[in-house]
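What follows is a short report on a single structure.
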Amino acid sequence: MKRKLGVQLGVTFAVLVSFLFAAPTQSYQVEAAKTKTEKKATIKRTANKKITVKVKKYIDGDTTRFKLKNGKNVTAQYLLIETPEIKKDYPYAQEAKDRSRELLKNAKKIQIEYDKGSKRDKQKRELVYVWADGKLVQETLANEGLAVAQDTKGKNNKYLDQIQTAEKKAKEQKQNIWSIENYAQAGKGYSQAVVDAHKKALKEAEAAKKAEAERLKKEQEAKAAEEKRAAEQAEADRKAEEKRAAEQAEAARKAEEARIAQEAAAQQAAAAQAQAEAEAQQQTAAEPAQGQTVYVTPTGSKYHTHKCGNGTYTPATLEEAQGRGLEPCSKCF
């Protein structure tokens with residue numbers, strides 16, 4: 001019984017192992033077969049014949065990995081040009097790679113073409129001309145100052161003249177790689193010493209730019225602080241002026257009220273004085289002077305300045321009338 005149970009467990013374990021590893025093994029076999037097929041695929045490296053390809057990978061400005069119609073992938077080195085190296089961070093290396101990518105990505109048809117000379121270099125890269133919709137990519141890169149022409153001194157020279165003509169135009173116009181003095185050297189590539197000096201100059205320029213930006217920042221901050229201080233001072237001056245004007249206006253108002261009150265008091269005093277003077281004059285006029293002739297009646301009790309009623313009036317001096325105890329007539333005096 002135990003032996004039978006052990007056999008059953010062994011069978012079950014074998015089935016599980018087979019199930020778990022069957023799919024990966026099959027996948028590996030397919031991939032291995034695919035790789036083997038790619039390795040067996042051959043390339044007909046016929047000169048002056050264009051082969052349609054597709055881009056597999058962009059490496060740098062003058063190196064691209066292509067896929068052939070038979071499924072084989074090849075790394076192609078562009079004939080007769082050299083672009084700045086991406087790995088060494090050369091100036092305009094990224095621009096050259098981006099331009100190659102743009103030309104090939106936008107092309108509806110991409111072709112490569114071998115020349116009569118060597119078909120591969122020491123790194124086993126295919127030496128080809130690259131065409132994008134019928135336009136030679138090498139010529140475009142040279143024309144835009146993104147590559148230097150490289151004469152192979154062999155039979156790979158079919159398009160050398162037109163590439164060098166394009167290079168000459170870019171050099172005269174100092175485009176891209178030709179904008180840095182002695183950096184690109186026709187037929188020789190690029191100067192490492194110039195690259196180092198250029199990078200140093202860029203760092204110094206960047207440092208100077210940062211320093212200038214910092215200076216401008218501090219200057220702007222100082223200017224803003226001064227403007228704020230000036231604004232605060234102007235506001236304080238305005239408020240002080242408003243306060244001074246208000247105090248001055250209040251003082252003027254009070255002075256005017258005092259003046260008006262003083263004038264009113266003066267007018268009242270003048271009016272009182274005038275009234276007093278008028279009353280004094282009136283009293284003086286009412287009081288007869290000594291020695292003045294007055295008129296009296298035989299039976300009257302008053303003396304008069306004239307005959308102010310019926311009866312007999314007899315003239316007398318004021319002293320005589322007052323001596324007799326007569327009072328002045330209210331009508332006459």
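By convention in this document, the chains of the structure tokens carry letters A, B, ... by their order, each chain's residues are numbered from 1, and ligands are numbered from 1 in the order they are shown.
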task: Extract the full set of alpha helix (DSSP H) residues from region 144-248 of chain A according to DSSP on the backbone, and format it as a ChimeraX atom specification.
output: /A:160-172,192-248
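With only C-alpha atoms taken into account, the protein and nucleic acid residues at most 6 Å from region 74-87 of chain A (excluding it and anything under 6 positions from it in its own chain) are A:Gly61, A:Asp62, A:Thr63, A:Thr64, A:Arg65, A:Phe66, A:Ala93, A:Arg125, A:Glu126, A:Leu127, A:Val128, A:Tyr129, A:Ala147, A:Val148, A:Ala149, A:Gln150, A:Asp151.
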field: Counting only C-alpha atoms, the option among A:Thr299, A:Asn182, A:Gln275, A:Asn157 closest to Ala47 (chain A)
entry: A:Asn157
query: Leaving out Ser330 (chain A) and any residue of its chain fewer than 2 positions from it, which residues lie within 9 Å of it when counting only C-alpha atoms, given as a PyMOL selection string?
result: chain A and resi 302+304+327-328+332-333
query: Pick from A:Cys308, A:Leu146, A:Ala321, A:Leu216: nearest to Gln94 (chain A), with only C-alpha atoms counted?
result: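 When distances to Gln94 (chain A) are compared using only C-alpha atoms, the smallest one comes from A:Leu146.
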message: Which residues are close to Glu172 (chain A), i.e. within 12 Å by only C-alpha atoms, leaving aside same-chain residues fewer than 5 positions away? Reply as a PyMOL selection string.
response: chain A and resi 143-145+165-167+177-179
Just to be explicit: take each residue in the selection above, keep all heavy atoms, and write the result as a PDB file, in the first residue's frame.
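Written out: result_14.pdb:
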```pdb
ATOM      1  N   ASN A 143      25.928  69.239 -45.160  1.00  0.00           N
ATOM      2  CA  ASN A 143      25.411  70.533 -45.602  1.00  0.00           C
ATOM      3  C   ASN A 143      24.953  71.398 -44.433  1.00  0.00           C
ATOM      4  O   ASN A 143      25.011  72.627 -44.494  1.00  0.00           O
ATOM      5  CB  ASN A 143      24.239  70.307 -46.559  1.00  0.00           C
ATOM      6  CG  ASN A 143      23.711  71.607 -47.147  1.00  0.00           C
ATOM      7  OD1 ASN A 143      24.411  72.305 -47.870  1.00  0.00           O
ATOM      8  ND2 ASN A 143      22.470  71.939 -46.819  1.00  0.00           N
ATOM      9  N   GLU A 144      24.524  70.744 -43.343  1.00  0.00           N
ATOM     10  CA  GLU A 144      24.019  71.483 -42.182  1.00  0.00           C
ATOM     11  C   GLU A 144      25.072  71.657 -41.088  1.00  0.00           C
ATOM     12  O   GLU A 144      24.764  72.090 -39.980  1.00  0.00           O
ATOM     13  CB  GLU A 144      22.789  70.775 -41.622  1.00  0.00           C
ATOM     14  CG  GLU A 144      21.615  70.779 -42.603  1.00  0.00           C
ATOM     15  CD  GLU A 144      20.401  70.032 -42.088  1.00  0.00           C
ATOM     16  OE1 GLU A 144      20.436  69.554 -40.936  1.00  0.00           O
ATOM     17  OE2 GLU A 144      19.414  69.918 -42.843  1.00  0.00           O
ATOM     18  N   GLY A 145      26.313  71.314 -41.393  1.00  0.00           N
ATOM     19  CA  GLY A 145      27.389  71.503 -40.420  1.00  0.00           C
ATOM     20  C   GLY A 145      27.301  70.568 -39.238  1.00  0.00           C
ATOM     21  O   GLY A 145      27.661  70.925 -38.123  1.00  0.00           O
ATOM     22  N   THR A 165      31.364  69.140 -51.230  1.00  0.00           N
ATOM     23  CA  THR A 165      30.767  70.418 -51.654  1.00  0.00           C
ATOM     24  C   THR A 165      29.802  70.929 -50.589  1.00  0.00           C
ATOM     25  O   THR A 165      29.777  72.118 -50.250  1.00  0.00           O
ATOM     26  CB  THR A 165      30.022  70.243 -52.987  1.00  0.00           C
ATOM     27  OG1 THR A 165      30.954  69.813 -53.993  1.00  0.00           O
ATOM     28  CG2 THR A 165      29.380  71.552 -53.427  1.00  0.00           C
ATOM     29  N   ALA A 166      29.007  70.005 -50.049  1.00  0.00           N
ATOM     30  CA  ALA A 166      28.066  70.377 -48.979  1.00  0.00           C
ATOM     31  C   ALA A 166      28.831  70.833 -47.741  1.00  0.00           C
ATOM     32  O   ALA A 166      28.459  71.815 -47.083  1.00  0.00           O
ATOM     33  CB  ALA A 166      27.170  69.194 -48.639  1.00  0.00           C
ATOM     34  N   GLU A 167      29.917  70.122 -47.428  1.00  0.00           N
ATOM     35  CA  GLU A 167      30.742  70.482 -46.274  1.00  0.00           C
ATOM     36  C   GLU A 167      31.334  71.877 -46.446  1.00  0.00           C
ATOM     37  O   GLU A 167      31.367  72.687 -45.500  1.00  0.00           O
ATOM     38  CB  GLU A 167      31.855  69.455 -46.102  1.00  0.00           C
ATOM     39  CG  GLU A 167      32.819  69.788 -44.974  1.00  0.00           C
ATOM     40  CD  GLU A 167      34.072  68.924 -45.031  1.00  0.00           C
ATOM     41  OE1 GLU A 167      34.829  69.040 -46.021  1.00  0.00           O
ATOM     42  OE2 GLU A 167      34.277  68.151 -44.083  1.00  0.00           O
ATOM     43  N   ILE A 177      29.173  72.690 -36.243  1.00  0.00           N
ATOM     44  CA  ILE A 177      30.535  72.261 -35.867  1.00  0.00           C
ATOM     45  C   ILE A 177      31.589  73.240 -36.352  1.00  0.00           C
ATOM     46  O   ILE A 177      32.684  73.323 -35.776  1.00  0.00           O
ATOM     47  CB  ILE A 177      30.853  70.848 -36.405  1.00  0.00           C
ATOM     48  CG1 ILE A 177      30.766  70.827 -37.943  1.00  0.00           C
ATOM     49  CG2 ILE A 177      29.956  69.800 -35.779  1.00  0.00           C
ATOM     50  CD1 ILE A 177      31.215  69.519 -38.573  1.00  0.00           C
ATOM     51  N   TRP A 178      31.293  73.995 -37.395  1.00  0.00           N
ATOM     52  CA  TRP A 178      32.257  74.952 -37.946  1.00  0.00           C
ATOM     53  C   TRP A 178      32.199  76.295 -37.220  1.00  0.00           C
ATOM     54  O   TRP A 178      33.003  77.182 -37.504  1.00  0.00           O
ATOM     55  CB  TRP A 178      32.009  75.153 -39.444  1.00  0.00           C
ATOM     56  CG  TRP A 178      32.082  73.878 -40.216  1.00  0.00           C
ATOM     57  CD1 TRP A 178      31.039  73.181 -40.745  1.00  0.00           C
ATOM     58  CD2 TRP A 178      33.265  73.114 -40.508  1.00  0.00           C
ATOM     59  NE1 TRP A 178      31.478  72.044 -41.365  1.00  0.00           N
ATOM     60  CE2 TRP A 178      32.853  71.968 -41.241  1.00  0.00           C
ATOM     61  CE3 TRP A 178      34.622  73.284 -40.230  1.00  0.00           C
ATOM     62  CZ2 TRP A 178      33.752  71.005 -41.691  1.00  0.00           C
ATOM     63  CZ3 TRP A 178      35.516  72.320 -40.696  1.00  0.00           C
ATOM     64  CH2 TRP A 178      35.091  71.201 -41.404  1.00  0.00           C
ATOM     65  N   SER A 179      31.272  76.435 -36.284  1.00  0.00           N
ATOM     66  CA  SER A 179      31.181  77.685 -35.521  1.00  0.00           C
ATOM     67  C   SER A 179      32.233  77.747 -34.421  1.00  0.00           C
ATOM     68  O   SER A 179      32.513  78.816 -33.881  1.00  0.00           O
ATOM     69  CB  SER A 179      29.783  77.837 -34.915  1.00  0.00           C
ATOM     70  OG  SER A 179      29.549  76.818 -33.949  1.00  0.00           O
TER      71      SER A 179
END
```
